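Text of final39.pdb, listed as PDB, C-alpha atoms and all ligand atoms:
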```
ATOM      1  CA  MET J 191      25.880  -4.881   2.834
ATOM      2  CA  VAL J 192      27.568  -4.275  -0.527
ATOM      3  CA  ASP J 193      24.106  -4.185  -2.089
ATOM      4  CA  VAL J 194      22.875  -1.665   0.512
ATOM      5  CA  ARG J 195      25.849   0.576  -0.285
ATOM      6  CA  GLU J 196      25.205   0.288  -4.002
ATOM      7  CA  ALA J 197      21.509   1.030  -3.494
ATOM      8  CA  ALA J 198      22.314   3.971  -1.209
ATOM      9  CA  LYS J 199      24.604   5.442  -3.848
ATOM     10  CA  ALA J 200      21.878   5.216  -6.499
ATOM     11  CA  LEU J 201      19.332   6.735  -4.125
ATOM     12  CA  ALA J 202      21.527   9.615  -2.967
ATOM     13  CA  GLY J 203      22.430  10.464  -6.563
ATOM     14  CA  ALA J 204      18.870  10.378  -7.867
ATOM     15  CA  ARG J 205      16.937  13.502  -8.742
ATOM     16  CA  ARG J 206      13.557  11.821  -9.064
ATOM     17  CA  VAL J 207      12.652   8.975  -6.732
ATOM     18  CA  VAL J 208       9.489   6.888  -6.549
ATOM     19  CA  VAL J 209       8.860   4.770  -3.452
ATOM     20  CA  PHE J 210       6.333   2.067  -4.356
ATOM     21  CA  THR J 211       4.946   0.193  -1.372
ATOM     22  CA  GLY J 212       2.769  -2.800  -0.590
ATOM     23  CA  ALA J 213       1.367  -4.537   2.462
ATOM     24  CA  GLY J 214       4.814  -5.786   3.580
ATOM     25  CA  ILE J 215       5.848  -2.328   4.736
ATOM     26  CA  SER J 216       3.033  -2.336   7.286
ATOM     27  CA  ALA J 217       3.593  -5.946   8.400
ATOM     28  CA  GLU J 218       5.952  -4.965  11.208
ATOM     29  CA  SER J 219       3.332  -2.537  12.502
ATOM     30  CA  GLY J 220       1.039  -5.536  12.992
ATOM     31  CA  VAL J 221      -1.090  -5.153   9.856
ATOM     32  CA  PRO J 222      -1.561  -8.495   8.099
ATOM     33  CA  THR J 223      -0.439  -8.768   4.473
ATOM     34  CA  PHE J 224      -2.631 -10.524   1.892
ATOM     35  CA  ARG J 225      -0.583 -13.388   0.522
ATOM     36  CA  ASP J 226       2.087 -14.293   3.080
ATOM     37  CA  ALA J 227       1.936 -17.971   4.007
ATOM     38  CA  LEU J 228       0.025 -18.540   7.283
ATOM     39  CA  THR J 229      -0.474 -14.852   8.164
ATOM     40  CA  GLY J 230      -1.888 -13.370   4.929
ATOM     41  CA  LEU J 231      -5.544 -12.287   4.869
ATOM     42  CA  TRP J 232      -6.258 -14.339   1.732
ATOM     43  CA  GLU J 233      -5.034 -17.440   3.596
ATOM     44  CA  ARG J 234      -7.941 -17.093   6.016
ATOM     45  CA  TYR J 235     -10.542 -15.213   3.984
ATOM     46  CA  ASP J 236     -12.068 -15.633   0.551
ATOM     47  CA  ALA J 237     -11.212 -12.569  -1.544
ATOM     48  CA  GLN J 238     -14.176 -13.225  -3.854
ATOM     49  CA  ALA J 239     -16.571 -13.103  -0.879
ATOM     50  CA  LEU J 240     -15.097  -9.901   0.584
ATOM     51  CA  ALA J 241     -13.155  -7.834  -1.938
ATOM     52  CA  THR J 242     -15.398  -7.619  -5.014
ATOM     53  CA  PRO J 243     -18.351  -5.347  -5.856
ATOM     54  CA  GLN J 244     -20.488  -8.491  -6.137
ATOM     55  CA  ALA J 245     -19.596  -9.490  -2.575
ATOM     56  CA  PHE J 246     -20.829  -6.132  -1.254
ATOM     57  CA  GLU J 247     -24.024  -6.431  -3.277
ATOM     58  CA  ASP J 248     -24.643  -9.980  -2.020
ATOM     59  CA  ASP J 249     -23.809  -9.450   1.652
ATOM     60  CA  PRO J 250     -23.114  -5.823   2.617
ATOM     61  CA  ASP J 251     -23.143  -6.564   6.370
ATOM     62  CA  LEU J 252     -20.431  -9.220   6.049
ATOM     63  CA  VAL J 253     -18.223  -6.990   3.914
ATOM     64  CA  TRP J 254     -18.741  -3.765   5.927
ATOM     65  CA  GLY J 255     -18.114  -5.633   9.233
ATOM     66  CA  TRP J 256     -14.864  -7.071   7.878
ATOM     67  CA  TYR J 257     -13.589  -3.707   6.653
ATOM     68  CA  GLU J 258     -14.582  -1.968   9.903
ATOM     69  CA  TRP J 259     -12.654  -4.648  11.815
ATOM     70  CA  ARG J 260      -9.608  -3.950   9.658
ATOM     71  CA  ARG J 261     -10.002  -0.169  10.051
ATOM     72  CA  SER J 262     -10.190  -0.523  13.839
ATOM     73  CA  LEU J 263      -7.058  -2.721  13.799
ATOM     74  CA  ILE J 264      -5.151  -0.080  11.843
ATOM     75  CA  ARG J 265      -6.244   2.675  14.228
ATOM     76  CA  ARG J 266      -4.638   0.731  17.080
ATOM     77  CA  VAL J 267      -1.210   0.297  15.414
ATOM     78  CA  HIS J 268       1.606   2.712  14.640
ATOM     79  CA  PRO J 269       3.969   3.443  11.750
ATOM     80  CA  ASN J 270       7.224   1.475  11.990
ATOM     81  CA  PRO J 271      10.838   2.464  11.137
ATOM     82  CA  GLY J 272      10.156   1.446   7.525
ATOM     83  CA  HIS J 273       7.420   4.082   7.122
ATOM     84  CA  GLU J 274       9.656   6.590   8.924
ATOM     85  CA  ALA J 275      12.545   5.852   6.569
ATOM     86  CA  VAL J 276      10.259   6.482   3.582
ATOM     87  CA  ALA J 277       9.349   9.890   5.035
ATOM     88  CA  ALA J 278      13.088  10.533   5.522
ATOM     89  CA  ILE J 279      13.716   9.744   1.845
ATOM     90  CA  GLU J 280      11.092  12.352   0.947
ATOM     91  CA  ALA J 281      12.838  14.844   3.207
ATOM     92  CA  HIS J 282      16.247  14.206   1.590
ATOM     93  CA  ALA J 283      15.443  13.589  -2.073
ATOM     94  CA  PRO J 284      14.416  16.707  -3.978
ATOM     95  CA  HIS J 285      11.609  15.076  -5.989
ATOM     96  CA  ALA J 286      10.302  11.996  -4.242
ATOM     97  CA  LEU J 287       6.838  10.535  -4.585
ATOM     98  CA  VAL J 288       5.303   7.746  -2.529
ATOM     99  CA  VAL J 289       2.951   5.468  -4.442
ATOM    100  CA  THR J 290       1.245   2.925  -2.219
ATOM    101  CA  GLN J 291      -1.110   0.029  -2.790
ATOM    102  CA  ASN J 292      -1.942   0.118   0.899
ATOM    103  CA  VAL J 293      -5.328   1.168   2.208
ATOM    104  CA  ASP J 294      -3.946   2.072   5.654
ATOM    105  CA  ASP J 295      -2.841   5.582   6.672
ATOM    106  CA  LEU J 296       0.567   4.657   8.102
ATOM    107  CA  HIS J 297       2.595   6.576   5.504
ATOM    108  CA  GLU J 298       0.670   9.758   6.320
ATOM    109  CA  ARG J 299       1.075   9.152  10.055
ATOM    110  CA  ALA J 300       4.846   8.693   9.589
ATOM    111  CA  GLY J 301       5.053  12.113   7.908
ATOM    112  CA  SER J 302       4.882  11.281   4.200
ATOM    113  CA  ARG J 303       3.622  14.320   2.308
ATOM    114  CA  ALA J 304       0.920  13.146  -0.038
ATOM    115  CA  PRO J 305       1.174   9.452  -0.831
ATOM    116  CA  ILE J 306      -0.761   8.302  -3.878
ATOM    117  CA  HIS J 307      -3.176   5.538  -2.884
ATOM    118  CA  LEU J 308      -3.631   3.292  -5.916
ATOM    119  CA  HIS J 309      -6.093   0.993  -4.131
ATOM    120  CA  GLY J 310      -7.957   3.657  -2.163
ATOM    121  CA  SER J 311      -8.168   3.960   1.593
ATOM    122  CA  LEU J 312     -10.089   2.520   4.517
ATOM    123  CA  PHE J 313     -10.603   6.100   5.680
ATOM    124  CA  THR J 314     -12.504   7.423   2.645
ATOM    125  CA  PRO J 315     -15.846   5.598   2.553
ATOM    126  CA  ARG J 316     -18.388   6.647  -0.032
ATOM    127  CA  CYS J 317     -21.923   5.931  -1.146
ATOM    128  CA  ALA J 318     -22.161   2.827  -3.329
ATOM    129  CA  ALA J 319     -25.066   4.385  -5.221
ATOM    130  CA  CYS J 320     -24.203   8.079  -5.742
ATOM    131  CA  SER J 321     -20.442   8.047  -4.846
ATOM    132  CA  ARG J 322     -20.833  10.950  -2.396
ATOM    133  CA  PRO J 323     -17.977  10.825   0.167
ATOM    134  CA  ALA J 324     -19.057   9.824   3.673
ATOM    135  CA  GLU J 325     -17.479  10.515   7.066
ATOM    136  CA  PRO J 326     -15.397   7.546   8.241
ATOM    137  CA  GLY J 327     -17.065   7.796  11.655
ATOM    138  CA  PRO J 328     -15.519   6.961  15.016
ATOM    139  CA  GLY J 329     -15.751   3.213  14.389
ATOM    140  CA  ASP J 330     -17.153   0.862  16.975
ATOM    141  CA  GLU J 331     -14.245  -1.566  17.168
ATOM    142  CA  PRO J 332     -16.044  -4.657  15.900
ATOM    143  CA  GLU J 333     -14.316  -7.906  16.712
ATOM    144  CA  GLU J 334     -13.080 -10.115  13.880
ATOM    145  CA  GLY J 335     -15.877 -11.834  11.991
ATOM    146  CA  ARG J 336     -18.719  -9.586  13.214
ATOM    147  CA  ARG J 337     -21.318  -8.546  10.696
ATOM    148  CA  LEU J 338     -22.219  -4.870  10.658
ATOM    149  CA  ALA J 339     -24.857  -3.032   8.624
ATOM    150  CA  PRO J 340     -23.260  -0.230   6.580
ATOM    151  CA  PRO J 341     -24.485   3.306   7.293
ATOM    152  CA  ARG J 342     -26.851   4.880   4.766
ATOM    153  CA  CYS J 343     -26.252   7.879   2.531
ATOM    154  CA  GLY J 344     -28.819  10.710   2.265
ATOM    155  CA  CYS J 345     -29.835   9.181  -1.095
ATOM    156  CA  GLY J 346     -30.654   5.872   0.589
ATOM    157  CA  GLY J 347     -27.636   4.020  -0.837
ATOM    158  CA  ALA J 348     -25.314   1.916   1.311
ATOM    159  CA  ILE J 349     -21.948   3.369   2.341
ATOM    160  CA  ARG J 350     -19.070   1.216   1.074
ATOM    161  CA  PRO J 351     -15.351   1.153   1.918
ATOM    162  CA  GLY J 352     -13.292   3.539  -0.222
ATOM    163  CA  VAL J 353     -11.005   0.790  -1.467
ATOM    164  CA  VAL J 354     -10.481  -0.705  -4.931
ATOM    165  CA  TRP J 355     -11.897  -4.191  -5.220
ATOM    166  CA  PHE J 356     -11.024  -6.860  -7.792
ATOM    167  CA  GLY J 357     -12.557  -6.005 -11.142
ATOM    168  CA  GLU J 358     -12.786  -2.283 -10.329
ATOM    169  CA  ALA J 359     -10.788   0.415 -12.077
ATOM    170  CA  LEU J 360      -8.049   2.162 -10.101
ATOM    171  CA  PRO J 361      -8.571   5.898  -9.496
ATOM    172  CA  GLU J 362      -7.675   7.344 -12.881
ATOM    173  CA  GLU J 363      -5.736  10.407 -11.738
ATOM    174  CA  ALA J 364      -3.721   8.433  -9.166
ATOM    175  CA  LEU J 365      -2.758   5.776 -11.716
ATOM    176  CA  GLU J 366      -1.800   8.364 -14.313
ATOM    177  CA  GLU J 367       0.359  10.271 -11.835
ATOM    178  CA  ALA J 368       2.052   7.055 -10.694
ATOM    179  CA  VAL J 369       2.795   5.901 -14.250
ATOM    180  CA  GLN J 370       4.156   9.341 -15.171
ATOM    181  CA  ALA J 371       6.386   9.408 -12.083
ATOM    182  CA  ALA J 372       7.653   5.893 -12.862
ATOM    183  CA  THR J 373       8.393   6.947 -16.437
ATOM    184  CA  ASP J 374      10.388   9.973 -15.270
ATOM    185  CA  CYS J 375      12.193   8.593 -12.219
ATOM    186  CA  ASP J 376      15.893   7.858 -11.785
ATOM    187  CA  VAL J 377      15.275   5.381  -8.961
ATOM    188  CA  LEU J 378      12.198   3.380  -8.028
ATOM    189  CA  LEU J 379      12.297   1.680  -4.644
ATOM    190  CA  THR J 380       9.734  -1.121  -4.405
ATOM    191  CA  VAL J 381       9.038  -2.275  -0.857
ATOM    192  CA  GLY J 382       6.960  -5.141   0.536
ATOM    193  CA  THR J 383       4.830  -6.059  -2.438
ATOM    194  CA  SER J 384       4.338  -9.458  -4.045
ATOM    195  CA  GLY J 385       4.010  -7.699  -7.414
ATOM    196  CA  VAL J 386       1.163  -9.903  -8.592
ATOM    197  CA  VAL J 387      -1.763  -7.469  -8.628
ATOM    198  CA  TYR J 388      -2.263  -5.502 -11.821
ATOM    199  CA  PRO J 389      -2.181  -2.797 -13.036
ATOM    200  CA  ALA J 390      -0.202  -1.657  -9.938
ATOM    201  CA  ALA J 391       2.515  -4.263 -10.592
ATOM    202  CA  GLU J 392       3.273  -2.508 -13.884
ATOM    203  CA  ILE J 393       4.702   0.517 -12.033
ATOM    204  CA  PRO J 394       8.203  -0.924 -11.288
ATOM    205  CA  LYS J 395       8.270  -2.407 -14.792
ATOM    206  CA  VAL J 396       7.550   1.007 -16.319
ATOM    207  CA  ALA J 397      10.392   2.540 -14.302
ATOM    208  CA  SER J 398      12.788  -0.140 -15.500
ATOM    209  CA  MET J 399      11.625   0.145 -19.117
ATOM    210  CA  PHE J 400      12.315   3.887 -19.095
ATOM    211  CA  GLY J 401      15.818   3.491 -17.675
ATOM    212  CA  GLY J 402      15.200   3.881 -13.933
ATOM    213  CA  THR J 403      17.173   1.860 -11.403
ATOM    214  CA  VAL J 404      14.772  -0.440  -9.531
ATOM    215  CA  ILE J 405      15.696  -1.330  -5.956
ATOM    216  CA  GLN J 406      13.568  -3.972  -4.254
ATOM    217  CA  VAL J 407      13.223  -4.558  -0.502
ATOM    218  CA  ASN J 408      11.510  -7.855   0.358
ATOM    219  CA  PRO J 409      12.430 -10.842   2.529
ATOM    220  CA  GLN J 410      10.984 -13.218  -0.098
ATOM    221  CA  PRO J 411      11.511 -13.672  -3.827
ATOM    222  CA  THR J 412       8.873 -12.013  -6.046
ATOM    223  CA  PRO J 413       8.262 -11.718  -9.795
ATOM    224  CA  LEU J 414       9.849  -8.262  -9.484
ATOM    225  CA  ASP J 415      13.253  -9.878  -8.792
ATOM    226  CA  ALA J 416      13.623 -10.062 -12.560
ATOM    227  CA  VAL J 417      12.946  -6.328 -12.937
ATOM    228  CA  ALA J 418      15.024  -5.092  -9.994
ATOM    229  CA  THR J 419      18.559  -3.862 -10.554
ATOM    230  CA  ILE J 420      19.321  -4.373  -6.853
ATOM    231  CA  ASN J 421      17.505  -6.823  -4.574
ATOM    232  CA  LEU J 422      17.762  -6.184  -0.839
ATOM    233  CA  HIS J 423      16.538  -9.260   0.981
ATOM    234  CA  GLY J 424      15.208  -8.303   4.372
ATOM    235  CA  SER J 425      12.374  -6.645   6.204
ATOM    236  CA  ALA J 426      11.361  -3.064   5.511
ATOM    237  CA  ALA J 427      11.759  -1.902   9.125
ATOM    238  CA  VAL J 428      15.389  -3.088   9.133
ATOM    239  CA  VAL J 429      16.591  -2.501   5.572
ATOM    240  CA  LEU J 430      15.032   0.916   4.883
ATOM    241  CA  PRO J 431      16.625   2.722   7.860
ATOM    242  CA  GLU J 432      19.986   1.161   6.887
ATOM    243  CA  LEU J 433      19.511   2.397   3.353
ATOM    244  CA  VAL J 434      18.682   5.949   4.482
ATOM    245  CA  SER J 435      21.677   6.085   6.852
ATOM    246  CA  ALA J 436      23.962   4.826   4.097
ATOM    247  CA  ALA J 437      22.553   7.266   1.514
ATOM    248  CA  TRP J 438      22.749  10.384   3.689
ATOM    249  CA  PRO J 439      25.329   9.541   6.408
ATOM    250  CA  GLU J 440      26.102  13.134   7.535
ATOM    251  CA  ARG J 441      22.449  14.017   7.910
ATOM    252  CA  ALA J 442      21.760  10.763   9.760
ATOM    253  CA  ALA J 443      24.593  11.594  12.167
ATOM    254  CA  ALA J 444      23.230  15.126  12.607
ATOM    255  CA  GLY J 445      19.840  13.611  13.433
ATOM    256  CA  SER J 446      17.950  15.253  10.576
TER     257      SER J 446
HETATM  258  C1  LIG Y 501       7.583  -7.822   3.613
HETATM  259  C2  LIG Y 501       7.546  -7.912   4.977
HETATM  260  C3  LIG Y 501       8.352  -7.020   5.668
HETATM  261  C4  LIG Y 501       6.189  -9.378   4.254
HETATM  262  N1  LIG Y 501       9.093  -6.145   5.004
HETATM  263  N2  LIG Y 501       8.321  -6.959   2.968
HETATM  264  C5  LIG Y 501      -3.349  -8.918 -15.578
HETATM  265  C6  LIG Y 501      -3.075 -10.257 -15.357
HETATM  266  C7  LIG Y 501      -3.842 -11.011 -14.461
HETATM  267  C8  LIG Y 501      -4.916 -10.443 -13.762
HETATM  268  C9  LIG Y 501      -5.186  -9.121 -13.983
HETATM  269  C10 LIG Y 501      -4.431  -8.382 -14.882
HETATM  270  N3  LIG Y 501      -4.902  -7.100 -14.875
HETATM  271  C11 LIG Y 501      -5.945  -7.038 -14.004
HETATM  272  C12 LIG Y 501      -6.143  -8.247 -13.455
HETATM  273  C13 LIG Y 501      -7.172  -8.610 -12.435
HETATM  274  C14 LIG Y 501      -6.818  -8.203 -11.031
HETATM  275  C15 LIG Y 501      -5.489  -8.849 -10.660
HETATM  276  O1  LIG Y 501      -4.442  -8.257 -10.696
HETATM  277  N4  LIG Y 501      -5.545 -10.109 -10.279
HETATM  278  C16 LIG Y 501      -4.344 -10.873  -9.921
HETATM  279  C17 LIG Y 501      -4.289 -11.048  -8.410
HETATM  280  C18 LIG Y 501      -4.377 -12.177 -10.614
HETATM  281  N5  LIG Y 501      -6.768  -6.752 -10.904
HETATM  282  C19 LIG Y 501      -7.855  -6.031 -10.654
HETATM  283  O2  LIG Y 501      -8.968  -6.556 -10.578
HETATM  284  C20 LIG Y 501      -7.688  -4.537 -10.535
HETATM  285  N6  LIG Y 501      -8.629  -3.867 -11.359
HETATM  286  C21 LIG Y 501      -8.611  -3.931 -12.680
HETATM  287  O3  LIG Y 501      -7.771  -4.519 -13.299
HETATM  288  O4  LIG Y 501      -9.642  -3.269 -13.283
HETATM  289  C22 LIG Y 501      -9.788  -3.315 -14.679
HETATM  290  C23 LIG Y 501     -10.881  -2.356 -15.049
HETATM  291  C24 LIG Y 501     -10.597  -1.309 -15.908
HETATM  292  C25 LIG Y 501     -11.615  -0.403 -16.240
HETATM  293  C26 LIG Y 501     -12.894  -0.571 -15.701
HETATM  294  C27 LIG Y 501     -13.159  -1.590 -14.815
HETATM  295  C28 LIG Y 501     -12.148  -2.511 -14.490
HETATM  296  C29 LIG Y 501      -7.992  -4.079  -9.116
HETATM  297  C30 LIG Y 501      -7.061  -4.659  -8.111
HETATM  298  C31 LIG Y 501      -7.518  -4.247  -6.706
HETATM  299  C32 LIG Y 501      -6.703  -4.951  -5.643
HETATM  300  N7  LIG Y 501      -7.336  -4.801  -4.400
HETATM  301  C33 LIG Y 501      -6.705  -5.330  -3.194
HETATM  302  C34 LIG Y 501      -7.694  -5.202  -2.026
HETATM  303  C35 LIG Y 501      -7.851  -3.740  -1.613
HETATM  304  C36 LIG Y 501      -8.881  -3.607  -0.561
HETATM  305  C37 LIG Y 501      -8.518  -4.314   0.710
HETATM  306  O5  LIG Y 501      -7.508  -3.960   1.349
HETATM  307  O6  LIG Y 501      -9.236  -5.235   1.055
HETATM  308  O7  LIG Y 501      -5.494  -4.602  -2.934
HETATM  309  S1  LIG Y 501      -6.135  -7.025  -3.347
HETATM  310  C38 LIG Y 501      -4.687  -6.788  -2.355
HETATM  311  O8  LIG Y 501      -3.524  -7.048  -3.193
HETATM  312  C39 LIG Y 501      -4.657  -5.296  -1.979
HETATM  313  C40 LIG Y 501      -3.192  -4.969  -2.181
HETATM  314  O9  LIG Y 501      -3.023  -3.586  -2.359
HETATM  315  C41 LIG Y 501      -2.834  -5.803  -3.402
HETATM  316  C42 LIG Y 501      -1.358  -6.061  -3.521
HETATM  317  O10 LIG Y 501      -0.886  -6.821  -2.472
HETATM  318  P1  LIG Y 501       0.537  -6.518  -1.821
HETATM  319  O11 LIG Y 501       0.530  -5.192  -1.204
HETATM  320  O12 LIG Y 501       1.576  -6.802  -2.803
HETATM  321  O13 LIG Y 501       0.531  -7.571  -0.605
HETATM  322  P2  LIG Y 501       0.900  -9.136  -0.654
HETATM  323  O14 LIG Y 501       0.356  -9.744   0.572
HETATM  324  O15 LIG Y 501       0.528  -9.748  -1.937
HETATM  325  O16 LIG Y 501       2.494  -9.154  -0.588
HETATM  326  C43 LIG Y 501       3.174  -8.732   0.570
HETATM  327  C44 LIG Y 501       4.665  -8.761   0.280
HETATM  328  O17 LIG Y 501       5.332  -8.205   1.393
HETATM  329  C45 LIG Y 501       5.231 -10.169   0.078
HETATM  330  O18 LIG Y 501       6.060 -10.192  -1.073
HETATM  331  C46 LIG Y 501       6.064 -10.411   1.335
HETATM  332  O19 LIG Y 501       7.207 -11.223   1.114
HETATM  333  C47 LIG Y 501       6.445  -9.015   1.713
HETATM  334  N8  LIG Y 501       6.705  -8.822   3.135
HETATM  335  N9  LIG Y 501       6.663  -8.940   5.339
HETATM  336  C48 LIG Y 501       9.045  -6.162   3.636
HETATM  337  N10 LIG Y 501       8.378  -7.058   7.036
HETATM  338 ZN    ZN Y 502     -25.715   8.331  -2.033
END
```
Any chance you could give the structure as structure tokens?
Amino acid sequence: MVDVREAAKALAGARRVVVFTGAGISAESGVPTFRDALTGLWERYDAQALATPQAFEDDPDLVWGWYEWRRSLIRRVHPNPGHEAVAAIEAHAPHALVVTQNVDDLHERAGSRAPIHLHGSLFTPRCAACSRPAEPGPGDEPEEGRRLAPPRCGCGGAIRPGVVWFGEALPEEALEEAVQAATDCDVLLTVGTSGVVYPAAEIPKVASMFGGTVIQVNPQPTPLDAVATINLHGSAAVVLPELVSAAWPERAAAGS
């Protein structure tokens, strides 16, 4: 509780805030994380066979079916109080920016203005050959494990998910904007990320290096514990609303 108060004070006093999120913020909406023991996607699936450009080249139907299953799962779930608290931070803090590694659209659906997606999105497919954006389509709710042939672009190329796979560069503009914001921020709030995937994991480190206060929300220890000024151990859907209420108590009471 003392830590929440200390974090709330830093947050309320900050001019520039970056909220950096990972899969853990969507966990309580029912979206599986990647590396959590038992429930993480990489516990059940081979990342090399699904989340690399080579995997899509080798077996496009397997990869497209898996990503369409995940997209249909996300369409059925809803933002949780953690996503809503992030949108509330944006409403209260004069210069706040959400930088997410997530490929879901739950920040947008909770009211976040224009989150930066460092690892792309399940809702922005494109042609693997000519990069032309494609319509996400209504989706046909494939069940888990079903193979599905990807649609074809006008050029004949296969449509691929608009996400960043291992070995692929992050979208240049998004990464630059995120690094700049981390450099300039007073507070960086990192939520629900294991902090092991690079270059995204550099973002909290950049904030710390340039004098920002790093607040971490995670129920488990991570390598970012060493970088964080304040570690709040708990789930995003519980801790973030507490943090917002403590940072802006009058507004919380007024219901804004
Ligand atoms: C809760 C909670 C609750 C649970 N509340 N919290 C330096 C060193 C070593 C390796 C590398 C390096 N630099 C680059 C690499 C290689 C690689 C990499 O980092 N590998 C490491 C894993 C070893 N990086 C790349 O390949 C990147 N590209 C690149 O470097 O390109 C170079 C290049 C340059 C120029 C030209 C060409 C190439 C790309 C990385 C792409 C990552 N993609 C994925 C998949 C996206 C698509 C998809 O969704 O399928 O992105 S992998 C996956 O991990 C996904 C996530 O965004 C990312 C991060 O995971 P995240 O969000 O942290 O989730 P988890 O599951 O790891 O953690 C969840 C956390 O939540 C846990 O801590 C829980 O405790 C917590 N939690 N419940 C709050 N309720
Ligand atoms: Zn094309």
Original post:
Which residues match the PyMOL selection byres (((chain J and resi 436) around 12) and not hetatm) in the file above, as a ChimeraX atom specification?
Top reply: /J:191-202,275,279,429-435,437-443
Exactly which residues make up the result of the PyMOL selection byres (((not hetatm)) within 7 of (chain Y and resi 502)) on this file, given as a CSV table (one decimal) with C-alpha atoms, in the frame of the given file?
```csv
chain,number,residue,atom,x,y,z
J,317,CYS,CA,-21.9,5.9,-1.1
J,318,ALA,CA,-22.2,2.8,-3.3
J,319,ALA,CA,-25.1,4.4,-5.2
J,320,CYS,CA,-24.2,8.1,-5.7
J,321,SER,CA,-20.4,8.0,-4.8
J,322,ARG,CA,-20.8,11.0,-2.4
J,343,CYS,CA,-26.3,7.9,2.5
J,344,GLY,CA,-28.8,10.7,2.3
J,345,CYS,CA,-29.8,9.2,-1.1
J,346,GLY,CA,-30.7,5.9,0.6
J,347,GLY,CA,-27.6,4.0,-0.8
```
Subject >> Residues in the PyMOL selection byres (((chain J and resi 219) around 9) and not hetatm), expressed as a list in words >> reply: Ile215, Ser216, Ala217, Glu218, Gly220, Val221, Pro222, Ile264, Val267, His268, Pro269, Asn270 and Leu296 of chain J
Original post:
Do you have the CA of Gly385 (chain J)-CA of Pro411 (chain J) distance handy?
Top reply: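 If I compute the distance from CA of Gly385 (chain J) to CA of Pro411 (chain J), I get 10.2 Å.
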Original post:
Could you work out how far CA of Leu360 (chain J) lies from CA of Trp232 (chain J), giving the answer in Å with one decimal?
Top reply: 20.4 Å
**OP:** Check every protein, DNA and RNA residue against ligand LIG 501 (chain Y), keep those with an atom at most 8 Å away (counting all atoms listed in the file), and present them as JSON, numbers by chain.
**Re:** {"J": [211, 212, 213, 214, 215, 216, 217, 218, 222, 223, 224, 225, 226, 230, 231, 237, 240, 241, 257, 290, 291, 292, 293, 308, 309, 310, 311, 312, 353, 354, 355, 356, 357, 358, 359, 360, 381, 382, 383, 384, 385, 386, 387, 388, 389, 390, 407, 408, 409, 410, 411, 412, 424, 425, 426, 427]}
Original post:
Out of J:Ala239, J:Ala278, J:Ala348, J:Leu263, which residue has the shortest atom-to-atom distance to Asp295 (chain J) when counting all atoms listed in the file?
Top reply: J:Leu263
Original post:
Within 10 Å of Trp254 (chain J), counting only C-alpha atoms, which residues qualify if same-chain residues fewer than 5 places away don't, as an MDAnalysis selection string?
Top reply: chainID J and resid 240 246 249 259:260 336:341 348:351
Original post:
Given the choices J:Val377, J:Val288, J:Met399, J:Gly327, which gets closest to Ile420 (chain J) if the distance is worked out from only C-alpha atoms?
Top reply: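 Nearest candidate to Ile420 (chain J) out of J:Val377, J:Val288, J:Met399, J:Gly327: J:Val377.
In terms of minimum interatomic distance to Pro305 (chain J), J:Glu367 ranks closest within J:Glu333, J:Glu367, J:Glu258, J:Asp251, counting only C-alpha atoms.
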Original post:
With only C-alpha atoms as the atoms that count, which of J:Ile405, J:Ala245, J:Ala324, J:Ala286 lies nearest to Ala368 (chain J)?
Top reply: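 The answer is J:Ala286, which sits nearest to Ala368 (chain J).
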Original post:
Which one is closest to Gly301 (chain J): J:Val276, J:Val253, J:Arg205, J:Thr314? Count all atoms listed in the file.
Top reply: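 Counting all atoms listed in the file, the residue closest to Gly301 (chain J) is J:Val276.
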Original post:
Could you name the residues that touch Val369 (chain J) at 12 Å or less, counting all atoms listed in the file, but leaving out those on the same chain fewer than 5 positions away, as a PyMOL selection string?
Top reply: chain J and resi 208+210+287+289+306+308+362-364+374-375+378+389-400
Subject >> Two-atom distance - CA of Arg206 (chain J), CA of Ala371 (chain J) (Å) >> reply: 8.1 Å
Box for region 367-376 of chain J: with edges along x, y and z, all listed atoms inside and 6 Å added on each side, what are the centre and edge lengths in Å to one decimal, as JSON?
```
{"center_x": 8.1, "center_y": 8.1, "center_z": -13.6, "size_x": 27.5, "size_y": 16.4, "size_z": 17.7}
```
**OP:** Identify, on the basis of all atoms listed in the file, every residue whose closest approach to Glu325 (chain J) does not exceed 9 Å; exclude the query and any residue fewer than 5 positions from it along the same chain; express the result as a PyMOL selection string.
**Re:** chain J and resi 313-316
